[in-house]
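Structure file entry_10.cif (mmCIF, C-alpha atoms and all ligand atoms) is printed below.
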```
data_run
#
loop_
_atom_site.label_atom_id
_atom_site.label_comp_id
_atom_site.auth_asym_id
_atom_site.auth_seq_id
_atom_site.Cartn_x
_atom_site.Cartn_y
_atom_site.Cartn_z
CA MET H 1393 16.21 31.20 13.91
CA ALA H 1394 15.01 28.21 11.93
CA ASP H 1395 14.80 24.90 13.73
CA ARG H 1396 17.30 22.22 12.68
CA ILE H 1397 17.41 18.45 12.62
CA GLU H 1398 19.41 17.16 15.54
CA ARG H 1399 18.88 13.40 15.64
CA VAL H 1400 17.92 10.74 13.11
CA GLU H 1401 17.16 7.24 14.40
CA VAL H 1402 16.10 4.07 12.63
CA LEU H 1403 14.12 1.50 14.57
CA VAL H 1404 13.67 -1.97 13.09
CA ALA H 1405 11.22 -4.10 15.00
CA SER H 1406 8.82 -6.96 14.48
CA PRO H 1407 5.59 -6.55 16.43
CA THR H 1408 4.08 -9.58 14.56
CA ARG H 1409 5.84 -8.46 11.33
CA ASN H 1410 8.84 -6.30 10.48
CA TYR H 1411 8.60 -2.52 10.32
CA VAL H 1412 11.32 0.04 9.69
CA THR H 1413 10.54 3.31 11.45
CA LEU H 1414 12.40 6.59 11.13
CA ARG H 1415 12.43 9.06 13.99
CA VAL H 1416 13.69 12.59 13.36
CA THR H 1417 14.15 14.93 16.32
CA THR H 1418 14.76 18.66 15.97
CA ALA H 1419 16.72 21.08 18.15
CA ASP H 1420 13.37 22.46 19.36
CA GLY H 1421 12.46 18.95 20.51
CA ILE H 1422 9.85 18.21 17.84
CA VAL H 1423 9.72 14.53 16.85
CA GLY H 1424 8.64 13.40 13.38
CA LEU H 1425 7.98 9.77 12.41
CA GLY H 1426 8.18 8.07 9.04
CA ASP H 1427 7.66 4.52 7.80
CA ALA H 1428 10.38 3.00 5.60
CA THR H 1429 9.19 -0.59 5.41
CA VAL H 1430 9.87 -2.61 2.25
CA ASN H 1431 8.53 -6.10 2.86
CA GLY H 1432 11.43 -8.60 2.82
CA ARG H 1433 14.10 -5.91 2.26
CA GLU H 1434 13.80 -4.14 5.60
CA LEU H 1435 17.49 -4.12 6.53
CA ALA H 1436 18.53 -2.65 3.19
CA VAL H 1437 16.34 0.43 3.78
CA ALA H 1438 17.49 0.65 7.40
CA SER H 1439 21.13 0.71 6.26
CA TYR H 1440 20.38 3.23 3.49
CA LEU H 1441 18.91 5.53 6.14
CA ARG H 1442 21.40 4.86 8.92
CA ASP H 1443 24.59 4.71 6.89
CA HIS H 1444 24.01 7.06 3.99
CA VAL H 1445 21.13 9.47 4.31
CA GLY H 1446 20.52 10.02 8.04
CA PRO H 1447 23.89 11.72 8.66
CA LEU H 1448 23.23 14.19 5.81
CA LEU H 1449 20.08 15.45 7.49
CA ILE H 1450 21.77 16.60 10.67
CA GLY H 1451 21.71 20.39 10.87
CA MET H 1452 19.15 20.81 8.05
CA ASP H 1453 16.06 22.98 8.41
CA PRO H 1454 13.15 20.48 8.79
CA SER H 1455 10.69 22.90 7.16
CA ARG H 1456 12.50 22.69 3.80
CA ILE H 1457 10.51 19.60 2.85
CA GLU H 1458 10.52 19.90 -0.94
CA ASP H 1459 14.15 20.96 -1.05
CA THR H 1460 15.15 17.98 1.10
CA TRP H 1461 13.22 15.70 -1.27
CA GLN H 1462 15.00 17.12 -4.31
CA TYR H 1463 18.36 16.93 -2.52
CA LEU H 1464 17.87 13.25 -1.71
CA TYR H 1465 16.46 12.35 -5.15
CA ARG H 1466 18.00 14.63 -7.76
CA GLY H 1467 21.11 15.44 -5.74
CA VAL H 1468 22.14 11.78 -5.70
CA TYR H 1469 23.40 10.09 -8.83
CA TRP H 1470 21.86 6.65 -8.00
CA ARG H 1471 18.16 7.15 -7.81
CA ARG H 1472 14.77 5.40 -7.90
CA GLY H 1473 13.98 1.85 -6.80
CA PRO H 1474 12.04 0.71 -3.73
CA VAL H 1475 14.89 0.96 -1.22
CA THR H 1476 15.89 4.52 -2.13
CA MET H 1477 12.34 5.75 -2.51
CA ALA H 1478 11.10 4.21 0.76
CA ALA H 1479 14.02 5.87 2.57
CA ILE H 1480 13.14 9.24 1.01
CA GLY H 1481 9.47 8.51 1.72
CA ALA H 1482 10.13 8.01 5.43
CA ILE H 1483 12.10 11.25 5.68
CA ASP H 1484 9.41 13.15 3.80
CA MET H 1485 6.67 11.80 6.09
CA ALA H 1486 8.69 12.67 9.18
CA LEU H 1487 9.21 16.25 7.93
CA TRP H 1488 5.48 16.72 7.22
CA ASP H 1489 4.81 15.31 10.70
CA ILE H 1490 7.21 17.85 12.20
CA LEU H 1491 5.67 20.72 10.23
CA GLY H 1492 2.20 19.75 11.45
CA LYS H 1493 3.37 19.54 15.05
CA ARG H 1494 5.07 22.92 14.78
CA ALA H 1495 1.92 24.45 13.25
CA GLN H 1496 -0.32 22.51 15.68
CA MET H 1497 -2.32 21.28 12.71
CA PRO H 1498 -3.06 17.85 11.27
CA VAL H 1499 -1.22 17.23 8.00
CA TYR H 1500 -4.45 17.15 5.96
CA GLN H 1501 -4.96 20.83 6.86
CA LEU H 1502 -1.48 21.67 5.57
CA LEU H 1503 -2.37 19.87 2.32
CA GLY H 1504 -5.31 22.21 1.72
CA GLY H 1505 -7.97 20.90 4.10
CA ARG H 1506 -10.75 18.39 3.73
CA VAL H 1507 -12.43 17.63 0.43
CA ARG H 1508 -14.51 14.78 1.89
CA ASP H 1509 -16.16 13.94 5.20
CA ALA H 1510 -14.77 10.41 5.47
CA ILE H 1511 -12.48 8.14 3.49
CA PRO H 1512 -13.92 4.83 2.29
CA TYR H 1513 -11.64 1.87 2.64
CA TYR H 1514 -11.71 -1.60 1.18
CA SER H 1515 -11.02 -4.61 3.30
CA HIS H 1516 -9.91 -8.14 2.45
CA ALA H 1517 -12.33 -11.06 2.40
CA PHE H 1518 -10.94 -14.51 1.59
CA GLY H 1519 -11.77 -18.20 1.80
CA TRP H 1520 -10.28 -21.47 0.65
CA ASP H 1521 -13.55 -22.38 -1.01
CA ILE H 1522 -16.62 -20.42 -2.05
CA PRO H 1523 -18.70 -21.08 1.13
CA ALA H 1524 -15.77 -19.94 3.33
CA LEU H 1525 -15.33 -16.82 1.19
CA LEU H 1526 -19.03 -16.02 1.44
CA ASP H 1527 -18.81 -16.30 5.26
CA SER H 1528 -15.88 -13.91 5.20
CA VAL H 1529 -17.77 -11.45 2.95
CA ARG H 1530 -20.75 -11.57 5.35
CA GLU H 1531 -18.47 -10.72 8.27
CA HIS H 1532 -17.13 -7.69 6.41
CA GLN H 1533 -20.65 -6.57 5.57
CA GLU H 1534 -21.64 -6.90 9.23
CA ARG H 1535 -18.87 -4.40 10.02
CA GLY H 1536 -20.54 -1.93 7.68
CA GLU H 1537 -17.94 -2.30 4.91
CA THR H 1538 -19.15 -1.70 1.38
CA TYR H 1539 -15.87 -2.03 -0.58
CA ILE H 1540 -14.65 -5.61 -0.29
CA ARG H 1541 -11.74 -7.33 -1.98
CA VAL H 1542 -12.49 -10.99 -2.63
CA GLN H 1543 -9.82 -13.70 -3.02
CA SER H 1544 -10.42 -17.41 -2.98
CA GLY H 1545 -8.57 -20.69 -3.14
CA VAL H 1546 -8.33 -22.40 -6.52
CA PRO H 1547 -9.17 -26.12 -6.84
CA GLY H 1548 -5.97 -28.11 -7.31
CA LEU H 1549 -3.61 -25.44 -5.87
CA ASP H 1550 -2.45 -25.77 -2.28
CA LYS H 1551 -1.34 -22.16 -1.78
CA VAL H 1552 -2.91 -19.13 -3.40
CA TYR H 1553 -2.09 -15.43 -3.09
CA GLY H 1554 -4.46 -13.56 -0.77
CA VAL H 1555 -5.88 -16.62 0.97
CA SER H 1556 -4.87 -18.04 4.32
CA LYS H 1557 -6.15 -20.14 7.21
CA ASP H 1558 -5.04 -17.36 9.56
CA PRO H 1559 -7.59 -14.53 9.88
CA ASN H 1560 -4.65 -12.07 10.03
CA TYR H 1561 -3.45 -12.88 6.52
CA GLU H 1562 0.23 -12.00 6.13
CA PRO H 1563 1.87 -13.23 2.93
CA ALA H 1564 5.46 -12.93 4.21
CA GLY H 1565 6.59 -16.06 6.06
CA ARG H 1566 9.21 -15.98 8.79
CA GLY H 1567 12.39 -17.86 7.95
CA ALA H 1568 15.68 -17.42 6.15
CA ARG H 1569 14.32 -17.96 2.63
CA PRO H 1570 11.02 -17.53 0.82
CA SER H 1571 8.56 -20.40 0.68
CA GLU H 1572 7.54 -21.54 -2.79
CA GLU H 1573 4.13 -22.03 -4.32
CA HIS H 1574 2.80 -23.19 -7.65
CA PHE H 1575 0.32 -21.38 -9.79
CA ASP H 1576 -1.86 -22.59 -12.64
CA PRO H 1577 -3.31 -19.68 -14.62
CA GLY H 1578 -5.83 -21.89 -16.42
CA ALA H 1579 -7.35 -23.23 -13.19
CA TYR H 1580 -7.43 -19.72 -11.72
CA MET H 1581 -9.03 -18.15 -14.77
CA ARG H 1582 -11.70 -20.83 -14.97
CA HIS H 1583 -12.49 -20.57 -11.27
CA LEU H 1584 -12.69 -16.80 -10.74
CA PRO H 1585 -15.99 -16.24 -12.63
CA LYS H 1586 -17.61 -18.94 -10.46
CA VAL H 1587 -16.35 -17.19 -7.33
CA LEU H 1588 -17.62 -13.80 -8.47
CA THR H 1589 -21.01 -15.24 -9.49
CA ALA H 1590 -21.51 -16.54 -5.95
CA VAL H 1591 -20.29 -13.34 -4.29
CA ARG H 1592 -22.40 -11.05 -6.47
CA GLU H 1593 -25.44 -13.23 -5.78
CA LEU H 1594 -24.83 -12.85 -2.05
CA VAL H 1595 -24.17 -9.10 -1.87
CA GLY H 1596 -26.41 -7.75 -4.63
CA PRO H 1597 -25.48 -4.93 -7.02
CA ASP H 1598 -24.44 -2.15 -4.61
CA VAL H 1599 -21.39 -3.60 -2.84
CA LYS H 1600 -18.13 -2.61 -4.53
CA LEU H 1601 -16.13 -5.75 -5.24
CA LEU H 1602 -12.40 -5.75 -5.92
CA HIS H 1603 -10.01 -8.52 -6.92
CA ASP H 1604 -6.19 -8.73 -7.08
CA ALA H 1605 -4.63 -10.99 -9.75
CA HIS H 1606 -1.18 -10.13 -8.32
CA HIS H 1607 0.84 -9.96 -11.55
CA ARG H 1608 0.35 -13.65 -12.41
CA LEU H 1609 -1.06 -13.49 -15.95
CA THR H 1610 0.38 -12.92 -19.40
CA PRO H 1611 -1.05 -9.97 -21.34
CA ILE H 1612 -3.47 -12.08 -23.37
CA GLN H 1613 -4.60 -14.03 -20.30
CA ALA H 1614 -5.11 -10.71 -18.54
CA ALA H 1615 -7.26 -9.41 -21.39
CA ARG H 1616 -9.32 -12.57 -21.34
CA LEU H 1617 -9.81 -12.45 -17.57
CA ALA H 1618 -10.84 -8.78 -17.60
CA LYS H 1619 -13.40 -9.62 -20.30
CA SER H 1620 -14.70 -12.74 -18.57
CA VAL H 1621 -15.43 -10.91 -15.29
CA GLU H 1622 -17.06 -7.86 -16.88
CA GLU H 1623 -20.60 -8.92 -15.96
CA PHE H 1624 -19.74 -8.90 -12.21
CA ASP H 1625 -19.19 -5.14 -12.27
CA LEU H 1626 -15.91 -5.10 -10.30
CA PHE H 1627 -14.90 -1.81 -8.72
CA TRP H 1628 -11.43 -2.77 -9.89
CA LEU H 1629 -9.30 -5.62 -11.13
CA GLU H 1630 -5.80 -5.17 -9.75
CA ASP H 1631 -2.35 -6.03 -11.14
CA VAL H 1632 -3.82 -8.19 -13.84
CA THR H 1633 -0.44 -8.52 -15.59
CA PRO H 1634 3.09 -7.36 -14.61
CA ALA H 1635 3.35 -3.61 -15.22
CA GLU H 1636 6.89 -3.60 -16.61
CA ASP H 1637 5.21 -4.23 -19.95
CA GLN H 1638 2.93 -1.21 -19.99
CA GLU H 1639 1.85 -1.70 -23.60
CA ALA H 1640 0.13 -4.87 -22.35
CA PHE H 1641 -2.46 -2.70 -20.63
CA ARG H 1642 -3.67 -1.46 -24.00
CA LEU H 1643 -4.55 -5.03 -24.91
CA VAL H 1644 -6.48 -5.44 -21.66
CA ARG H 1645 -8.17 -2.05 -22.12
CA ASN H 1646 -9.25 -2.84 -25.66
CA ALA H 1647 -10.74 -6.14 -24.56
CA SER H 1648 -12.93 -4.94 -21.71
CA THR H 1649 -14.45 -2.16 -19.63
CA THR H 1650 -13.46 -3.74 -16.29
CA PRO H 1651 -11.76 -0.93 -14.29
CA LEU H 1652 -8.05 -1.53 -13.79
CA ALA H 1653 -5.83 -0.71 -10.80
CA VAL H 1654 -2.04 -0.88 -10.87
CA GLY H 1655 1.01 0.57 -9.21
CA GLU H 1656 1.73 -0.75 -5.71
CA VAL H 1657 5.23 -1.67 -6.90
CA PHE H 1658 5.86 1.69 -8.59
CA ASN H 1659 8.29 4.10 -6.95
CA THR H 1660 8.15 7.34 -8.92
CA ILE H 1661 5.85 9.43 -11.06
CA TRP H 1662 7.85 8.26 -14.08
CA ASP H 1663 6.78 4.66 -13.44
CA CYS H 1664 3.15 5.83 -13.46
CA GLN H 1665 3.35 8.37 -16.26
CA ARG H 1666 2.54 6.28 -19.30
CA LEU H 1667 -0.33 4.31 -17.78
CA ILE H 1668 -1.88 7.53 -16.50
CA GLU H 1669 -1.30 9.74 -19.54
CA GLU H 1670 -2.51 7.11 -21.97
CA ARG H 1671 -5.51 6.38 -19.72
CA LEU H 1672 -4.67 2.69 -19.58
CA ILE H 1673 -5.75 2.39 -15.94
CA ASP H 1674 -8.46 3.78 -13.68
CA TYR H 1675 -6.76 3.69 -10.27
CA ILE H 1676 -3.13 4.33 -9.38
CA ARG H 1677 -2.00 2.33 -6.35
CA THR H 1678 1.37 3.76 -5.36
CA ALA H 1679 1.84 3.58 -1.59
CA ILE H 1680 2.93 6.86 0.01
CA VAL H 1681 5.95 5.16 1.59
CA HIS H 1682 7.15 3.45 -1.60
CA VAL H 1683 6.75 6.48 -3.85
CA GLY H 1684 8.97 8.84 -1.89
CA GLY H 1685 6.45 10.17 0.61
CA ILE H 1686 3.67 12.75 0.61
CA SER H 1687 5.56 15.31 -1.50
CA HIS H 1688 5.99 12.98 -4.47
CA ALA H 1689 2.67 11.13 -4.10
CA ARG H 1690 0.90 14.51 -4.41
CA LYS H 1691 2.46 14.95 -7.84
CA VAL H 1692 1.45 11.45 -8.93
CA PHE H 1693 -2.14 12.07 -7.86
CA ALA H 1694 -2.19 15.52 -9.50
CA LEU H 1695 -1.03 13.96 -12.78
CA ALA H 1696 -3.73 11.33 -12.35
CA GLU H 1697 -6.38 14.00 -11.74
CA VAL H 1698 -5.68 15.59 -15.12
CA HIS H 1699 -6.28 12.26 -16.85
CA GLY H 1700 -9.37 11.07 -15.01
CA VAL H 1701 -7.47 8.50 -12.95
CA LYS H 1702 -8.11 8.16 -9.21
CA ALA H 1703 -5.87 7.29 -6.29
CA GLY H 1704 -6.39 3.93 -4.62
CA PRO H 1705 -3.22 3.45 -2.57
CA HIS H 1706 -1.73 0.25 -1.31
CA GLY H 1707 -2.40 -0.22 2.41
CA PRO H 1708 -1.55 -3.76 3.43
CA SER H 1709 -0.35 -4.68 6.92
CA ASP H 1710 3.26 -4.37 5.67
CA VAL H 1711 2.76 -0.61 5.38
CA SER H 1712 3.00 0.62 8.98
CA PRO H 1713 0.31 2.69 10.74
CA ILE H 1714 2.55 5.74 10.14
CA ALA H 1715 2.44 5.31 6.35
CA LEU H 1716 -1.26 4.56 6.57
CA ALA H 1717 -1.72 7.84 8.46
CA ALA H 1718 0.08 9.68 5.63
CA SER H 1719 -2.29 8.05 3.12
CA ILE H 1720 -5.39 8.92 5.16
CA HIS H 1721 -4.32 12.57 5.52
CA MET H 1722 -3.74 12.76 1.77
CA ALA H 1723 -7.10 11.09 1.09
CA ALA H 1724 -8.87 13.69 3.21
CA ALA H 1725 -7.35 16.50 1.11
CA THR H 1726 -7.12 14.95 -2.40
CA HIS H 1727 -10.15 15.29 -4.67
CA ASN H 1728 -9.46 12.40 -7.06
CA TRP H 1729 -9.35 9.72 -4.39
CA GLY H 1730 -11.11 6.44 -5.16
CA VAL H 1731 -10.65 4.26 -2.10
CA GLN H 1732 -7.95 3.39 0.45
CA GLU H 1733 -6.86 -0.21 1.05
CA TYR H 1734 -7.08 -1.11 4.73
CA MET H 1735 -6.33 -4.67 5.77
CA GLY H 1736 -6.35 -3.89 9.48
CA TYR H 1737 -3.54 -4.81 11.86
CA PRO H 1738 -3.10 -7.30 14.68
CA ALA H 1739 -3.69 -5.71 18.14
CA GLN H 1740 0.04 -5.61 18.88
CA VAL H 1741 0.67 -3.32 15.89
CA HIS H 1742 -2.02 -0.86 17.01
CA GLU H 1743 -0.41 -0.88 20.47
CA ALA H 1744 3.13 -0.40 19.12
CA PHE H 1745 1.99 2.59 17.00
CA PRO H 1746 -0.80 4.38 18.91
CA HIS H 1747 -2.63 6.50 16.35
CA ALA H 1748 -5.20 9.27 16.03
CA TRP H 1749 -6.61 7.84 12.80
CA SER H 1750 -9.53 5.49 13.11
CA ALA H 1751 -11.47 2.97 11.05
CA ALA H 1752 -15.18 2.25 11.56
CA ASP H 1753 -18.16 1.31 9.38
CA GLY H 1754 -16.02 1.09 6.27
CA MET H 1755 -14.66 4.60 6.69
CA LEU H 1756 -11.31 6.03 7.83
CA GLN H 1757 -10.80 9.31 9.67
CA PRO H 1758 -7.43 11.05 10.06
CA GLY H 1759 -8.20 12.44 13.54
CA ASP H 1760 -7.25 15.92 14.62
CA ALA H 1761 -3.90 15.39 16.32
CA PRO H 1762 -1.13 17.67 15.02
CA GLY H 1763 1.09 16.20 12.30
CA LEU H 1764 0.35 12.63 11.25
CA GLY H 1765 -0.95 11.76 14.71
CA VAL H 1766 1.00 8.54 15.24
CA ASP H 1767 3.23 7.69 18.19
CA LEU H 1768 5.58 4.85 19.12
CA ASP H 1769 5.55 2.50 22.09
CA GLU H 1770 9.27 1.87 22.36
CA SER H 1771 8.93 -0.88 24.92
CA ILE H 1772 6.84 -2.97 22.50
CA LEU H 1773 9.30 -2.31 19.66
CA ALA H 1774 12.31 -3.12 21.86
CA ALA H 1775 10.70 -6.40 22.91
CA SER H 1776 10.10 -7.43 19.28
CA PRO H 1777 13.40 -7.63 17.40
CA TYR H 1778 13.66 -8.05 13.63
CA VAL H 1779 12.97 -11.56 12.34
CA PRO H 1780 13.92 -12.49 8.74
CA ALA H 1781 10.72 -12.89 6.73
CA TYR H 1782 10.06 -13.06 3.01
CA LEU H 1783 7.20 -12.99 0.56
CA PRO H 1784 6.84 -16.34 -1.20
CA THR H 1785 8.21 -17.16 -4.64
CA ALA H 1786 5.78 -18.46 -7.26
CA ARG H 1787 6.48 -21.07 -9.94
CA THR H 1788 4.46 -22.39 -12.83
CA LEU H 1789 3.42 -26.04 -12.70
CA ASP H 1790 6.56 -27.00 -14.66
CA GLY H 1791 8.74 -25.28 -12.06
CA ALA H 1792 9.74 -22.04 -13.82
CA VAL H 1793 9.78 -18.86 -11.74
CA LEU H 1794 6.64 -16.76 -12.13
CA ASP H 1795 5.92 -13.23 -10.93
CA TRP H 1796 4.64 -13.45 -7.36
C1 LIG H 1801 -2.18 -5.76 -1.83
C2 LIG H 1801 -0.85 -6.34 -2.13
C3 LIG H 1801 -0.21 -7.07 -1.02
C4 LIG H 1801 1.25 -7.34 -1.39
C5 LIG H 1801 2.12 -7.13 -0.21
C6 LIG H 1801 3.57 -7.19 -0.59
O1 LIG H 1801 -2.89 -5.52 -2.78
O2 LIG H 1801 -2.46 -5.53 -0.66
O3 LIG H 1801 -0.84 -6.99 -3.34
O4 LIG H 1801 -0.90 -8.22 -0.66
O5 LIG H 1801 1.45 -8.62 -1.85
O6 LIG H 1801 1.81 -5.90 0.36
O7 LIG H 1801 4.36 -6.71 0.43
MG MG H 1802 -2.12 -5.85 -4.66
#
```
Please rewrite the model in this file as structure tokens.
Ligand code: GCO
Ligand code: MG
Amino acid sequence: MADRIERVEVLVASPTRNYVTLRVTTADGIVGLGDATVNGRELAVASYLRDHVGPLLIGMDPSRIEDTWQYLYRGVYWRRGPVTMAAIGAIDMALWDILGKRAQMPVYQLLGGRVRDAIPYYSHAFGWDIPALLDSVREHQERGETYIRVQSGVPGLDKVYGVSKDPNYEPAGRGARPSEEHFDPGAYMRHLPKVLTAVRELVGPDVKLLHDAHHRLTPIQAARLAKSVEEFDLFWLEDVTPAEDQEAFRLVRNASTTPLAVGEVFNTIWDCQRLIEERLIDYIRTAIVHVGGISHARKVFALAEVHGVKAGPHGPSDVSPIALAASIHMAAATHNWGVQEYMGYPAQVHEAFPHAWSAADGMLQPGDAPGLGVDLDESILAASPYVPAYLPTARTLDGAVLDW
């Protein structure tokens, strides 16, 4: 007789930052884990899972992964959006984890087996000024990393996305409401070429440099920036303008050959469709957790493959080691994979989620444990209750709200 889902639990904990973890247990005693974290909206996803979706899963056959996905997406009138899709994503991951444990195989084998020997990752270098950034870049190079994202402070601005005094950069601040910061696109756009000149001079031509503009620029500013940094040969320029206005990417595309990466805030293949089909981007960044899990991410990456676009998923520290495992397993088995983001985690997070995947010399490995190969240390999670924390809000210099 087919196995069935017996228990669905949601654990919200804050080992240095908040994570929402789903644990699905079957009648045969197999445990599957999924990540459902949406930075700053953790409790909404937890309630969606606990109050609405979890009870529906009881008694279902855990091996019907695609059918469960369709049931939770198509079978529900209210669909899409980060909360819904992260909840579905966590369930999907947990079911793939269960299937792997039942088959005694790592998930990448179930996805068709390896297409590469190791998965390159990019790490985050940052500094308040250029000398501090160059020190940070050197440290990353000493670790054997060859894909490095570079972010720097901007003269005249006291807070800047991607830059922090804390070596474990975490943009969400604890507290009941978001902090606020001001952004000046002119100062930023004038400064970035200086930063990239210095970094390129330090690392030479071979290191792959990435930069995240984090949705701050208007379409014409974005086009100008992409053009002005062309000579630095970026591996990608990320989120150069907000992707709600997808036609804007044509303007950027027409202005420059700087490779473009977008999509960490996308939740379905339909959000990605136009940019991929019209070849307006080079890398699609949907995170496995926020795009409804492995089952749906596979379709996004297959669509991308047809159009010469590669996967470069989001992997910040607000995506838990379970979701990162799902990404690494997919990367091992997906041909059109560009690079995986890997910010690293504080020690407490590695301890709370012991994992078979590993990162060394700029490369990730999924490990050979069955399923996704990630476990939970419940005592650490129990000792670290949820703490309200929010990403900042950005404003222009005249005080109007700007995309953060
Ligand atoms: C990235 C992202 C992050 C996001 C954060 C939001 O490229 O890693 O832009 O820094 O801001 O993950 O939760
Ligand atoms: Mg980003």
Counting only C-alpha atoms, the residue of H:Ala1724, H:Val1731, H:Ala1739, H:Ala1615 that sits nearest H:Gln1757: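 Smallest distance to H:Gln1757 is found for H:Ala1724.
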Cut-off 6 Å, only C-alpha atoms and all ligand atoms, neighbours of ligand LIG 1801 (chain H) as a list in words: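 Result of the 6 Å neighbour search around ligand LIG 1801 (chain H): Asn1431, His1606, His1706, Pro1708 and Asp1710 of chain H.
Remark: for H:Val1701, the closest of the candidate residues H:Ala1524, H:Leu1414, H:Leu1716, H:Ile1668 is H:Ile1668 (distances computed over all atoms listed in the file).
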Near-ligand residues for ligand MG 1802 (chain H), threshold 8 Å, all atoms listed in the file, as a ChimeraX atom specification: /H:1604-1606,1630-1631,1654,1656,1706
Top pick for closest residue to H:Ala1510, considering H:Tyr1411, H:Trp1461, H:Tyr1675, H:Trp1729 and counting all atoms listed in the file: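 Once distances to H:Ala1510 are computed over all atoms listed in the file, the minimum belongs to H:Trp1729.
Every protein, DNA or RNA residue with an atom at most 7 Å from H:Gly1492, where only C-alpha atoms count and chain neighbours fewer than 6 positions away do not, is listed here: Pro1498, Val1499, Pro1762 and Gly1763 of chain H.
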Now that the selection is made, can you save its residues with C-alpha atoms as a compact mmCIF listing (two decimals), in the coordinates of the input?
```txt
# COMPACT_ATOMS: atom_id res chain seq x y z
CA PRO H 1498 -3.06 17.85 11.27
CA VAL H 1499 -1.22 17.23 8.00
CA PRO H 1762 -1.13 17.67 15.02
CA GLY H 1763 1.09 16.20 12.30
```
Between atom CA of H:His1682 and atom CA of H:Gly1707 - distance in Å to one decimal: 11.0 Å
Atom CA of H:Pro1611 to atom CA of H:Tyr1782, distance in Å rounded to a single decimal: 26.9 Å
Distance query 12 Å from (7.6, -5.0, 21.4) using only C-alpha atoms, result as a ChimeraX atom specification: /H:1403-1411,1739-1745,1768-1778
Atomic distance atom CA of H:Arg1471 - atom CA of H:Asp1427, expressed in Å with one decimal: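 Going from atom CA of H:Arg1471 over to atom CA of H:Asp1427, I get 19.0 Å.
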Padding of 6 Å on every side, edges along x, y and z, all listed atoms of stretch 1659-1664 of chain H included: what centre and edge lengths in Å, to one decimal, does that box have, as lines of an AutoDock Vina configuration file?
```
center_x = 5.7
center_y = 6.8
center_z = -10.5
size_x = 17.1
size_y = 17.3
size_z = 19.1
```
Using all atoms listed in the file: which of H:Leu1502, H:Val1711, H:Leu1602, H:Val1445 has the shortest distance to H:Ala1428: H:Val1711
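The nearest approach to H:Val1793 among the residues H:Leu1695, H:Val1657, H:Glu1572, H:Ala1647, with all atoms listed in the file taken into account, belongs to H:Glu1572.
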Which of H:Ala1618, H:Met1452, H:Ala1478, H:Ile1661 sits closest to H:Glu1434 [using only C-alpha atoms]: H:Ala1478
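Within 9 Å of H:Arg1415, once all atoms listed in the file are used and residues closer than 4 positions along the same chain are dropped, the contacting residues are Arg1399, Val1400, Glu1401, Val1402, Leu1403, Val1423, Gly1424, Leu1425, Gly1426, Ala1482, Ile1483 and Ala1486 of chain H.
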Listing only residues of stretch 1535-1560 of chain H within 9 Å of stretch 1516-1520 of chain H, what is the closest atom pair and its distance in Å (to one decimal) for each, using all atoms listed in the file, sorted by chain and residue number ascending, as JSON lines?
```
{"residue": "H:Ile1540", "atom": "CA", "partner": "H:His1516", "partner_atom": "CA", "distance": 6.0}
{"residue": "H:Arg1541", "atom": "CA", "partner": "H:His1516", "partner_atom": "CA", "distance": 4.9}
{"residue": "H:Val1542", "atom": "CA", "partner": "H:Ala1517", "partner_atom": "CA", "distance": 5.0}
{"residue": "H:Gln1543", "atom": "CA", "partner": "H:Phe1518", "partner_atom": "CA", "distance": 4.8}
{"residue": "H:Ser1544", "atom": "CA", "partner": "H:Gly1519", "partner_atom": "CA", "distance": 5.0}
{"residue": "H:Gly1545", "atom": "CA", "partner": "H:Trp1520", "partner_atom": "CA", "distance": 4.2}
{"residue": "H:Val1546", "atom": "CA", "partner": "H:Trp1520", "partner_atom": "CA", "distance": 7.5}
{"residue": "H:Pro1547", "atom": "CA", "partner": "H:Trp1520", "partner_atom": "CA", "distance": 8.9}
{"residue": "H:Val1552", "atom": "CA", "partner": "H:Trp1520", "partner_atom": "CA", "distance": 8.7}
{"residue": "H:Gly1554", "atom": "CA", "partner": "H:Phe1518", "partner_atom": "CA", "distance": 7.0}
{"residue": "H:Val1555", "atom": "CA", "partner": "H:Phe1518", "partner_atom": "CA", "distance": 5.5}
{"residue": "H:Ser1556", "atom": "CA", "partner": "H:Gly1519", "partner_atom": "CA", "distance": 7.3}
{"residue": "H:Lys1557", "atom": "CA", "partner": "H:Trp1520", "partner_atom": "CA", "distance": 7.9}
{"residue": "H:Pro1559", "atom": "CA", "partner": "H:Phe1518", "partner_atom": "CA", "distance": 8.9}
```
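Using only C-alpha atoms, the residues found no farther than 10 Å from H:Pro1523, other than those of its own chain fewer than 4 positions away, are H:Gly1519, H:Asp1527, H:Ser1528, H:Val1529, H:Ser1544, H:Val1587, H:Ala1590, H:Val1591.
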Spatial neighbours of H:Ala1436, 12 Å, all atoms listed in the file, chain gap at least 6 places, as JSON, numbers by chain: {"H": [1402, 1404, 1412, 1428, 1429, 1430, 1442, 1443, 1444, 1473, 1474, 1475, 1476, 1477, 1478, 1479]}
